[in-house]
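Asks: Sending over query_32.cif (mmCIF, C-alpha atoms).
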data_work
#
loop_
_atom_site.label_atom_id
_atom_site.label_comp_id
_atom_site.auth_asym_id
_atom_site.auth_seq_id
_atom_site.Cartn_x
_atom_site.Cartn_y
_atom_site.Cartn_z
CA MET L 13 85.67 111.12 120.36
CA PHE L 14 87.01 107.72 121.32
CA SER L 15 90.49 107.12 122.73
CA LEU L 16 92.17 104.36 124.66
CA ASN L 17 95.65 104.24 126.12
CA VAL L 18 96.99 100.71 125.81
CA LYS L 19 99.90 99.90 128.12
CA SER L 20 101.42 96.45 127.94
CA ILE L 21 103.48 95.10 130.80
CA VAL L 22 104.88 91.77 129.79
CA LEU L 23 106.37 89.28 132.21
CA LEU L 24 108.33 86.24 131.20
CA LYS L 25 106.45 83.92 128.90
CA GLN L 26 109.23 82.45 126.86
CA ILE L 27 111.08 79.33 125.89
CA LEU L 28 114.78 79.71 126.50
CA ARG L 29 116.85 78.32 123.66
CA VAL L 30 120.55 79.19 123.49
CA VAL L 31 122.81 81.45 125.57
CA PHE L 32 126.33 82.52 124.62
CA PHE L 33 128.42 84.47 127.05
CA VAL L 34 131.98 85.64 127.42
CA GLY L 35 133.64 87.34 130.32
CA TYR L 36 136.78 88.15 132.20
CA ASN L 37 137.26 87.41 135.89
CA TYR L 38 139.96 88.88 138.11
CA PHE L 39 140.43 87.49 141.61
CA TRP L 40 141.94 89.44 144.45
CA LYS L 41 142.26 86.77 147.11
CA ASP L 42 138.72 85.31 147.04
CA ILE L 43 136.97 88.47 145.81
CA LEU L 44 135.83 88.42 142.17
CA LEU L 45 135.86 91.52 139.98
CA GLY L 46 134.78 90.86 136.42
CA ILE L 47 132.79 91.79 133.37
CA GLU L 48 130.43 89.63 131.36
CA GLY L 49 128.63 89.92 128.05
CA ASP L 50 125.94 87.55 126.84
CA ILE L 51 123.31 87.03 124.19
CA THR L 52 120.23 84.90 124.79
CA PHE L 53 118.30 83.61 121.79
CA THR L 54 114.69 82.98 122.72
CA ASP L 55 111.22 82.76 121.26
CA PHE L 56 109.27 85.36 123.23
CA ASN L 57 105.87 85.93 121.68
CA SER L 58 102.97 87.32 123.72
CA SER L 59 99.47 88.24 122.63
CA HIS L 60 96.55 89.75 124.51
CA SER L 61 93.02 89.92 123.07
CA ILE L 62 89.71 91.38 124.24
CA ASN L 63 86.37 90.46 122.66
CA THR L 64 83.43 92.00 124.50
CA LEU L 65 80.56 94.50 124.40
CA TYR L 66 80.71 98.22 125.14
CA ASP L 67 79.30 99.15 128.55
CA SER L 68 77.13 101.97 127.15
CA VAL L 69 75.64 100.19 124.09
CA PRO L 70 75.36 96.46 123.31
CA VAL L 71 77.80 96.60 120.39
CA PRO L 72 80.73 94.13 120.16
CA PHE L 73 84.33 95.17 119.76
CA SER L 74 87.63 93.32 119.63
CA MET L 75 91.16 94.44 120.33
CA THR L 76 94.48 92.54 120.06
CA SER L 77 98.05 93.56 120.87
CA LYS L 78 101.13 91.40 120.24
CA VAL L 79 104.76 91.71 121.34
CA ARG L 80 107.69 89.69 120.05
CA ALA L 81 111.43 89.57 120.87
CA SER L 82 113.84 86.90 119.66
CA TRP L 83 117.01 87.88 121.55
CA PHE L 84 118.33 89.70 124.60
CA ALA L 85 121.93 90.81 125.12
CA SER L 86 123.72 92.41 128.04
CA ILE L 87 127.08 93.66 129.19
CA ALA L 88 127.56 93.99 132.91
CA PRO L 89 130.30 94.30 135.52
CA LYS L 90 130.09 91.69 138.25
CA ILE L 91 131.39 91.18 141.75
CA GLY L 92 131.48 87.99 143.75
CA TYR L 93 133.05 85.78 146.35
CA ARG L 94 134.86 82.46 145.81
CA TYR L 95 134.78 79.72 148.45
CA ASN L 96 136.53 76.44 147.56
CA ASN L 97 134.93 75.33 144.26
CA SER L 98 131.96 77.67 144.64
CA LEU L 99 131.50 81.18 143.31
CA PHE L 100 128.63 83.50 144.31
CA PHE L 101 128.17 86.67 142.24
CA VAL L 102 125.91 89.64 141.45
CA LEU L 103 125.92 91.80 138.34
CA GLY L 104 124.19 94.79 136.80
CA GLY L 105 124.53 96.68 133.55
CA ALA L 106 123.11 97.52 130.13
CA ALA L 107 120.67 95.30 128.23
CA PHE L 108 119.74 95.31 124.54
CA SER L 109 116.94 93.77 122.45
CA HIS L 110 114.76 94.23 119.39
CA PHE L 111 110.97 94.36 119.81
CA ARG L 112 108.10 94.02 117.36
CA TYR L 113 104.64 95.27 118.34
CA SER L 114 101.32 95.07 116.51
CA PHE L 115 97.80 96.22 117.38
CA SER L 116 94.33 95.82 115.87
CA PHE L 117 90.87 97.05 116.86
CA SER L 118 87.44 96.76 115.27
CA ASP L 119 83.83 97.29 116.27
CA GLU L 120 80.39 97.29 114.66
CA TYR L 121 79.19 100.64 116.03
CA GLY L 122 77.50 102.70 113.30
CA ALA L 123 79.48 102.20 110.11
CA GLY L 124 82.12 100.28 112.04
CA HIS L 125 85.49 101.44 113.26
CA HIS L 126 88.89 99.91 112.81
CA SER L 127 92.44 100.65 113.79
CA ALA L 128 95.66 98.76 113.16
CA GLY L 129 99.36 99.39 113.24
CA SER L 130 102.73 97.83 113.87
CA LYS L 131 106.13 99.05 114.87
CA SER L 132 109.56 97.57 115.60
CA ALA L 133 112.65 98.98 117.26
CA SER L 134 115.90 98.05 118.97
CA ARG L 135 116.10 99.38 122.51
CA THR L 136 118.52 99.68 125.43
CA GLY L 137 117.40 98.77 128.94
CA TRP L 138 119.04 97.41 132.05
CA VAL L 139 119.71 94.07 133.70
CA VAL L 140 120.52 92.90 137.23
CA GLY L 141 121.22 89.39 138.34
CA ALA L 142 122.81 86.95 140.73
CA GLY L 143 124.27 83.51 140.37
CA TYR L 144 126.13 80.52 141.69
CA GLU L 145 128.88 78.66 139.87
CA HIS L 146 130.44 75.37 140.91
CA THR L 147 133.80 74.49 139.33
CA LEU L 148 134.12 70.90 138.15
CA GLU L 149 137.23 69.21 136.76
CA ASP L 150 139.32 70.33 133.76
CA HIS L 151 138.06 73.94 133.58
CA TRP L 152 134.38 73.00 133.43
CA ALA L 153 131.72 74.56 135.66
CA LEU L 154 128.04 74.21 136.39
CA ARG L 155 126.25 77.56 136.68
CA PHE L 156 122.84 78.68 137.94
CA ASP L 157 121.85 82.29 137.49
CA TYR L 158 118.89 84.65 137.52
CA ARG L 159 118.48 87.76 135.36
CA TYR L 160 115.91 90.54 135.54
CA TYR L 161 115.66 92.54 132.31
CA ARG L 162 113.75 95.80 132.02
CA PHE L 163 113.08 98.01 129.02
CA ASP L 164 111.08 101.21 129.65
CA ASP L 165 109.48 103.32 126.93
CA ILE L 166 110.00 100.91 124.06
CA PHE L 167 107.19 102.69 122.28
CA ASN L 168 105.83 105.79 123.93
CA ASN L 169 102.77 107.48 122.48
CA PHE L 170 102.67 105.34 119.30
CA LYS L 171 99.42 106.36 117.57
CA THR L 172 97.02 104.35 115.43
CA PRO L 173 94.06 106.26 113.92
CA LEU L 174 90.49 105.06 114.31
CA GLY L 175 88.56 104.68 111.02
CA PRO L 176 86.61 104.46 108.84
CA ASP L 177 87.03 108.22 108.39
CA GLU L 178 90.18 108.44 110.59
CA LEU L 179 88.90 111.71 112.05
CA HIS L 180 88.77 110.29 115.57
CA ASP L 181 91.75 110.47 117.91
CA GLY L 182 92.31 106.72 117.69
CA PHE L 183 94.63 104.91 120.05
CA SER L 184 97.82 105.86 121.81
CA HIS L 185 100.15 102.99 122.74
CA SER L 186 102.98 102.67 125.23
CA LEU L 187 105.07 99.54 125.73
CA LYS L 188 107.29 98.49 128.62
CA PHE L 189 108.95 95.08 128.90
CA GLU L 190 110.12 93.09 131.94
CA ALA L 191 111.54 89.56 131.97
CA ASN L 192 112.71 87.21 134.69
CA MET L 193 115.11 84.55 133.40
CA PHE L 194 116.42 81.57 135.30
CA ARG L 195 119.27 79.80 133.52
CA VAL L 196 121.26 76.63 134.07
CA SER L 197 124.53 76.38 132.12
CA VAL L 198 127.49 74.11 131.68
CA ILE L 199 130.46 76.34 130.88
CA ARG L 200 134.06 75.91 129.80
CA LYS L 201 136.64 78.24 131.32
CA PHE L 202 139.77 79.14 129.35
#
For the structure just supplied, provide its representation as structure tokens.

Replies:
Amino acid sequence: MFSLNVKSIVLLKQILRVVFFVGYNYFWKDILLGIEGDITFTDFNSSHSINTLYDSVPVPFSMTSKVRASWFASIAPKIGYRYNNSLFFVLGGAAFSHFRYSFSFSDEYGAGHHSAGSKSASRTGWVVGAGYEHTLEDHWALRFDYRYYRFDDIFNNFKTPLGPDELHDGFSHSLKFEANMFRVSVIRKF
């Protein structure tokens, strides 16, 4: 009986492309109370491969898992403090994304074994962040912010059988995703 629990923890390895966000800010004196929604289009694509020999017998095996996400969205309340043309804020709320996962395994032991599978799903997670915004002229602002996204249990106990006879237990997969995003934006306030 052969089984392996593959857990992937993925940290930011992405190329940031486009961010759209909309929000509402209410100021009570210099205290900010607001809400913000955003969508970040990105090209996150991570792959991890192993090509080695078994410890017990000198037989090669290979294993590859891949994760892909092309967007992240969030909606979060925020609180902050305004000083002159500067605004400091923190936020936290719900995050959303769609993930695609694929896995493959093969070895040359006996008649050879193989396992492969793929799965995709939209999931809800959470986001926290902080930022600084400097107001320029004519309702324009320069913004620097950090976001930490986390999605637990994207796939929990996703099974792929181990062939050729598929009588073995195969593989059980779990996927969790974490991302750290640093963004620089020029924004227009209405």

Asks: For Val140 in chain L, please output as a compact mmCIF listing (two decimals) with C-alpha atoms, keeping the file's coordinate frame all residues within 6 Å (counting all atoms listed in the file; exclusion window: fewer than 6 positions along the same chain).

Replies:
# COMPACT_ATOMS: atom_id res chain seq x y z
CA LEU L 103 125.92 91.80 138.34
CA GLY L 104 124.19 94.79 136.80
CA ARG L 159 118.48 87.76 135.36
CA TYR L 160 115.91 90.54 135.54

Asks: With the PyMOL selection byres ((chain L and resi 83) around 12) as the selection, what would be picked from this file? Answer as a CSV table (one decimal) with C-alpha atoms, in the coordinates of the input, please.

Replies:
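Everything below was put into result-v1.csv:
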chain,number,residue,atom,x,y,z
L,26,GLN,CA,109.2,82.4,126.9
L,27,ILE,CA,111.1,79.3,125.9
L,28,LEU,CA,114.8,79.7,126.5
L,29,ARG,CA,116.8,78.3,123.7
L,30,VAL,CA,120.6,79.2,123.5
L,31,VAL,CA,122.8,81.4,125.6
L,32,PHE,CA,126.3,82.5,124.6
L,50,ASP,CA,125.9,87.6,126.8
L,51,ILE,CA,123.3,87.0,124.2
L,52,THR,CA,120.2,84.9,124.8
L,53,PHE,CA,118.3,83.6,121.8
L,54,THR,CA,114.7,83.0,122.7
L,55,ASP,CA,111.2,82.8,121.3
L,56,PHE,CA,109.3,85.4,123.2
L,57,ASN,CA,105.9,85.9,121.7
L,80,ARG,CA,107.7,89.7,120.0
L,81,ALA,CA,111.4,89.6,120.9
L,82,SER,CA,113.8,86.9,119.7
L,84,PHE,CA,118.3,89.7,124.6
L,85,ALA,CA,121.9,90.8,125.1
L,86,SER,CA,123.7,92.4,128.0
L,107,ALA,CA,120.7,95.3,128.2
L,108,PHE,CA,119.7,95.3,124.5
L,109,SER,CA,116.9,93.8,122.4
L,110,HIS,CA,114.8,94.2,119.4
L,111,PHE,CA,111.0,94.4,119.8
L,112,ARG,CA,108.1,94.0,117.4
L,134,SER,CA,115.9,98.0,119.0
L,135,ARG,CA,116.1,99.4,122.5
L,161,TYR,CA,115.7,92.5,132.3
L,191,ALA,CA,111.5,89.6,132.0

Asks: Tell me, in Å to one decimal, how far CA of Thr172 in chain L is from CA of Ser186 in chain L.

Replies: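 These two atoms are separated by 11.6 Å.
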
Asks: Report, in Å with one decimal, the straight-line distance from CA of Arg195 in chain L to CA of Gly49 in chain L.

Replies: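 Going from CA of Arg195 in chain L over to CA of Gly49 in chain L, I get 14.8 Å.
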
Asks: Assuming the chain letters and numbering stay as they are in my file, what does the PyMOL selection byres ((chain L and resi 200) around 7) actually select? List them as a compact mmCIF listing (two decimals) with C-alpha atoms, keeping the file's coordinate frame.

Replies:
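Below is the file that was written, result_25.txt:
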# COMPACT_ATOMS: atom_id res chain seq x y z
CA HIS L 151 138.06 73.94 133.58
CA TRP L 152 134.38 73.00 133.43
CA ALA L 153 131.72 74.56 135.66
CA ILE L 199 130.46 76.34 130.88
CA LYS L 201 136.64 78.24 131.32
CA PHE L 202 139.77 79.14 129.35

Asks: Using Å and a single decimal, report how far CA of Ser59 in chain L sits from CA of Lys78 in chain L.

Replies: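 Interatomic distance here is 4.3 Å.
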
Asks: Rank nothing, just name the residue among L:Tyr93, L:Phe100, L:Tyr113, L:Phe39 nearest to Ala133 in chain L, using all atoms listed in the file.

Replies: L:Tyr113

Asks: Going by the chain IDs and residue numbers used in this file, which residues fall under the PyMOL selection byres ((chain L and resi 77) around 8)? Write them as a list in words.

Replies: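 When the PyMOL selection byres ((chain L and resi 77) around 8) is applied to the shown file, the picked residues are Ser59, His60, Ser61, Met75, Thr76, Lys78, Val79, Tyr113, Ser114, Phe115 and Ser116 of chain L.
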
Asks: With 5 Å on each side, where is the centre of the axis-aligned box around all listed atoms of range 53-68 of chain L, and how long are its edges in Å to one decimal, as lines of an AutoDock Vina configuration file?

Replies:
center_x = 97.7
center_y = 92.4
center_z = 124.9
size_x = 51.2
size_y = 29.2
size_z = 17.3

Asks: May I ask which of the residues L:Tyr158, L:Phe163, L:Phe101, L:Tyr38 is the closest one to Asn192 in chain L, counting all atoms listed in the file?

Replies: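 Checking each candidate against Asn192 in chain L, we get L:Tyr158 as the closest.
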